[in-house]
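Down below is the structure, laid out as structure tokens.
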Amino acid sequence: MSANGQEVRDPRRLEAVRTSALLDSEPEERFDRLAGLAALLLEAPVALITVVDDQRSWFKSCIGVPVGGEHQVPVGSSFCQYVIDSSRPLIVDDARHDTRTAGNPSIDALGVAAWAGYPVTAPSGEVLGTLCVVDTVPRRWTDRDVTVLETLADAVSANIALRASLAAEQQARREAEEAAAQAALVAAESAELSRMLLASSERFASLAQTLQQSLLPPHLPDVPGLELAARYLPAASGQEVVGDFYDVFQAGRSSWGLVMGDVSGKGPQAATLTGLARYTVRAAAMRTRVPSRVLRLLNDALLLHADADDERFMTVTYANIRPRQGDAPVEVALSSGGHLPPLVHRADGSVEMIREPGMALGLFADPTLVNRKLSLAPGDALVLYTDGVTEARHQDRQFGDEGLVAAVAETRGMAAADKARHLEETVERFRDGTRHDDTAVLVLQVP
């Protein structure tokens with residue numbers, strides 16, 4: 001279809017564009033970071049996140065476009081129209097000689113020679129625009145380039161959904177505050193106002209919980225020859241999103257990525273940074289299998305466009321896992337960006353805490369990061385966790401490393417799911433009060 005095709009002008013899509021409130025909105029760091037990451041990882045001079053209505057393709061984020069330059073093009077001159085008409089990615093090595101794009105005005109007007117773009121979508125599924133990279137000379141986009149772009153486009157779509165959830169969360173917070181103020185002014189004992197306050201607070205807590213869950217994988221993948229299990233408990237109030245996250249994903253034909261992290265702070269900023277971290281690690285893992293390099297790319301992404309007074313940072317452990325080949329052990333390469341040391345639970349019952357130097361990410365341009373290699377034989381397990389485990393309190397005592405090692409040792413002979421559940425339940429029994437922080441545990445075991 002052409003720019004006048006049905007999909008560009010589809011009323012449902014245009015309503016989704018309007019509802020998103022992205023068109024003509026102010027720049028947002030979360031999107032600038034993802035566009036910058038696309039330009040960095042694909043070594044492209046220009047990267048754009050676009051929002052397209054029936055008249056124009058507008059640049060929500062633009063890397064490589066001169067300050068004061070045009071930040072929109074007519075939809076008929078945009079390569080995004082082809083993506084929207086098909087709801088599929090468009091990968092063009094040489095725009096002048098590709099039958100899909102030959103003759104597009106942007107080739108001469110903007111110097112577009114090579115173009116690659118993926119759809120970005122609304123939470124309801126409509127295509128709002130694209131994440132695209134542009135080169136001024138013809139080039140062959142590699143399969144890895146395409147995979148990275150797809151991963152980052154998914155991150156843009158996830159951040160659009162996150163943006164909508166945060167807006168709903170803020171509205172719920174305002175409703176709760178308004179109901180509280182009204183109750184205080186009129187009658188604290190009023191049953192109706194109390195009901196309104198409770199309903200608003202419950203809605204706010206529900207939105208916060210939904211938002212937190214959207215930052216975690218809905219389920220862990222099936223990895224041949226391995227058992228995986230995770231447990232996650234939110235802080236008791238449930239009304240603030242915090243930055244604990246984990247993920248497991250395929251990082252290559254024969255390897256898997258495993259990540260556990262903790263973002264400083266809480267609320268919308270922590271949620272935004274958590275989403276960025278998950279998808280940046282996924283994209284970086286497609287470029288390199290060396291864990292410390294993955295973390296360096298994540299650190300670069302965190303520093304990109306960061307404000308001078310922005311003190312947000314994160315701690316992360318990333319591991320590259322190679323499942324067993326025949327009778328060979330599972331090979332693990334890992335690196336820590338200031339995160340709590342992982343545990344290795346051997347089949348003989350011994351527990352080793354893997355202490356390696358490593359600095360938190362998002363603070364310095366060249367953090368100290370090292371790689372550590374491990375081998376896991378049948379019955380061995382790798383355990384990752386966040387500080388909600390070790391900092392759980394009982395009166396004046398913390399659960400601590402000693403409590404964690406003892407709890408892990410008690411799981412000898414258990415399957416991965418039972419290990420994770422036992423750790424969670426042991427920590428919960430230890431607590432003598434409110435759960436002030438999120439608790440996350442991730443277990444990988446060789447059966």
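Letters for chains follow the order of the structure tokens (A, B, ...), residue numbers begin at 1 for each chain, and ligand numbers begin at 1 in the order shown.
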Inset, instruction - Can you pull out every residue within 12 Å of Arg429 (chain A), counting only C-alpha atoms, but drop anything in the same chain fewer than 2 positions away, and send it as a PyMOL selection string? - result: chain A and resi 389+392-394+399+403+407+422-427+431-435
Expected file contents, prior selection, C-alpha atoms, as a CSV table (one decimal), in the first residue's frame:
```csv
chain,number,residue,atom,x,y,z
A,389,VAL,CA,16.9,-11.6,51.0
A,392,ALA,CA,15.5,-9.1,55.9
A,393,ARG,CA,15.4,-8.3,59.6
A,394,HIS,CA,14.4,-10.0,62.8
A,399,PHE,CA,19.3,-12.6,57.6
A,403,GLY,CA,21.5,-17.1,56.9
A,407,ALA,CA,19.3,-21.9,53.8
A,422,HIS,CA,12.5,-22.9,50.3
A,423,LEU,CA,14.7,-19.8,50.2
A,424,GLU,CA,11.7,-17.5,49.9
A,425,GLU,CA,9.8,-19.3,52.8
A,426,THR,CA,12.9,-19.3,55.0
A,427,VAL,CA,13.4,-15.6,54.6
A,431,ARG,CA,11.2,-11.6,59.2
A,432,ASP,CA,9.5,-10.2,62.3
A,433,GLY,CA,7.6,-7.4,60.6
A,434,THR,CA,6.9,-5.6,57.4
A,435,ARG,CA,8.7,-6.6,54.1
```
(message) If we count only C-alpha atoms and set the cut-off at 10 Å, which residues sit around Leu220 (chain A), ignoring sequence neighbours fewer than 4 positions away in its own chain? Please answer as a PyMOL selection string.
(response) chain A and resi 216+227-230+247-249
Serialized selection, C-alpha atoms, as a PDB file, in the first residue's frame:
```pdb
ATOM      1  CA  LEU A 216       9.630  -9.110  35.061  1.00  0.00           C
ATOM      2  CA  GLU A 227      16.121 -26.380  35.526  1.00  0.00           C
ATOM      3  CA  LEU A 228      15.145 -22.753  36.151  1.00  0.00           C
ATOM      4  CA  ALA A 229      13.026 -21.263  38.916  1.00  0.00           C
ATOM      5  CA  ALA A 230      12.376 -17.782  40.265  1.00  0.00           C
ATOM      6  CA  ASP A 247      15.551 -12.161  33.199  1.00  0.00           C
ATOM      7  CA  VAL A 248      16.529 -15.317  31.309  1.00  0.00           C
ATOM      8  CA  PHE A 249      16.739 -15.299  27.511  1.00  0.00           C
TER       9      PHE A 249
END
```
Exercise. Would you mind listing what lies within 7 Å of Leu382 (chain A) as a ChimeraX atom specification, with only C-alpha atoms counted and same-chain residues fewer than 5 positions away left out?
Key: /A:342-345,443-445
Q) When distances are computed from only C-alpha atoms, which of A:Lys373, A:Thr151, A:Ala235, A:Gly103 shows the smallest separation from Pro291 (chain A)? A)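 Result for the nearest residue to Pro291 (chain A): A:Lys373.
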**Prompt:** Leaving out Asp262 (chain A) and any residue of its chain fewer than 5 positions from it, which residues lie within 6 Å of it when counting only C-alpha atoms, given as a list in words?
**Reply:** Gly243, Asp244, Met314 and Thr315 of chain A
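With CA of Ala251 (chain A) on one side and CA of Arg287 (chain A) on the other, the separation reads 9.1 Å.
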- Mind checking which residues fall within 12 Å of Ser124 (chain A), counting only C-alpha atoms, ignoring those fewer than 5 positions away in the same chain, and posting them as number ranges by chain? A: 12-13, 15-17, 19-20, 157-158, 160-161, 164
Please produce a file of the residues just selected, as a PDB file, in the first residue's frame, where the atoms kept are N, CA and C atoms.
```
ATOM      1  N   ARG A  12      -8.725   3.038  13.972  1.00  0.00           N
ATOM      2  CA  ARG A  12      -8.292   2.481  15.256  1.00  0.00           C
ATOM      3  C   ARG A  12      -6.832   2.819  15.532  1.00  0.00           C
ATOM      4  N   ARG A  13      -6.015   2.768  14.488  1.00  0.00           N
ATOM      5  CA  ARG A  13      -4.605   3.111  14.663  1.00  0.00           C
ATOM      6  C   ARG A  13      -4.462   4.590  15.002  1.00  0.00           C
ATOM      7  N   GLU A  15      -6.609   6.517  16.421  1.00  0.00           N
ATOM      8  CA  GLU A  15      -7.093   6.741  17.780  1.00  0.00           C
ATOM      9  C   GLU A  15      -6.034   6.302  18.789  1.00  0.00           C
ATOM     10  N   ALA A  16      -5.331   5.203  18.492  1.00  0.00           N
ATOM     11  CA  ALA A  16      -4.254   4.757  19.382  1.00  0.00           C
ATOM     12  C   ALA A  16      -3.128   5.785  19.423  1.00  0.00           C
ATOM     13  N   VAL A  17      -2.812   6.394  18.270  1.00  0.00           N
ATOM     14  CA  VAL A  17      -1.803   7.455  18.235  1.00  0.00           C
ATOM     15  C   VAL A  17      -2.247   8.622  19.106  1.00  0.00           C
ATOM     16  N   THR A  19      -4.464   8.601  21.619  1.00  0.00           N
ATOM     17  CA  THR A  19      -4.534   8.204  23.025  1.00  0.00           C
ATOM     18  C   THR A  19      -3.149   8.101  23.655  1.00  0.00           C
ATOM     19  N   SER A  20      -2.155   7.729  22.872  1.00  0.00           N
ATOM     20  CA  SER A  20      -0.801   7.584  23.414  1.00  0.00           C
ATOM     21  C   SER A  20      -0.229   8.902  23.927  1.00  0.00           C
ATOM     22  N   SER A 157       8.331  -0.310  22.626  1.00  0.00           N
ATOM     23  CA  SER A 157       6.915  -0.622  22.833  1.00  0.00           C
ATOM     24  C   SER A 157       6.619  -0.849  24.314  1.00  0.00           C
ATOM     25  N   ALA A 158       7.533  -1.540  24.990  1.00  0.00           N
ATOM     26  CA  ALA A 158       7.338  -1.770  26.430  1.00  0.00           C
ATOM     27  C   ALA A 158       7.354  -0.460  27.198  1.00  0.00           C
ATOM     28  N   ILE A 160       6.437   2.441  25.988  1.00  0.00           N
ATOM     29  CA  ILE A 160       5.171   3.118  25.697  1.00  0.00           C
ATOM     30  C   ILE A 160       4.088   2.590  26.636  1.00  0.00           C
ATOM     31  N   ALA A 161       4.055   1.267  26.821  1.00  0.00           N
ATOM     32  CA  ALA A 161       3.096   0.682  27.767  1.00  0.00           C
ATOM     33  C   ALA A 161       3.402   1.139  29.191  1.00  0.00           C
ATOM     34  N   ALA A 164       2.144   4.623  29.705  1.00  0.00           N
ATOM     35  CA  ALA A 164       0.697   4.646  29.923  1.00  0.00           C
ATOM     36  C   ALA A 164       0.354   4.178  31.338  1.00  0.00           C
TER      37      ALA A 164
END
```
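Within 6 Å of region 440-442 of chain A, once only C-alpha atoms are used and residues closer than 2 positions along the same chain are dropped, the contacting residues are A:Ala229, A:Ala230, A:Arg231, A:Tyr232, A:Val383, A:Leu384, A:Tyr385, A:Thr386.
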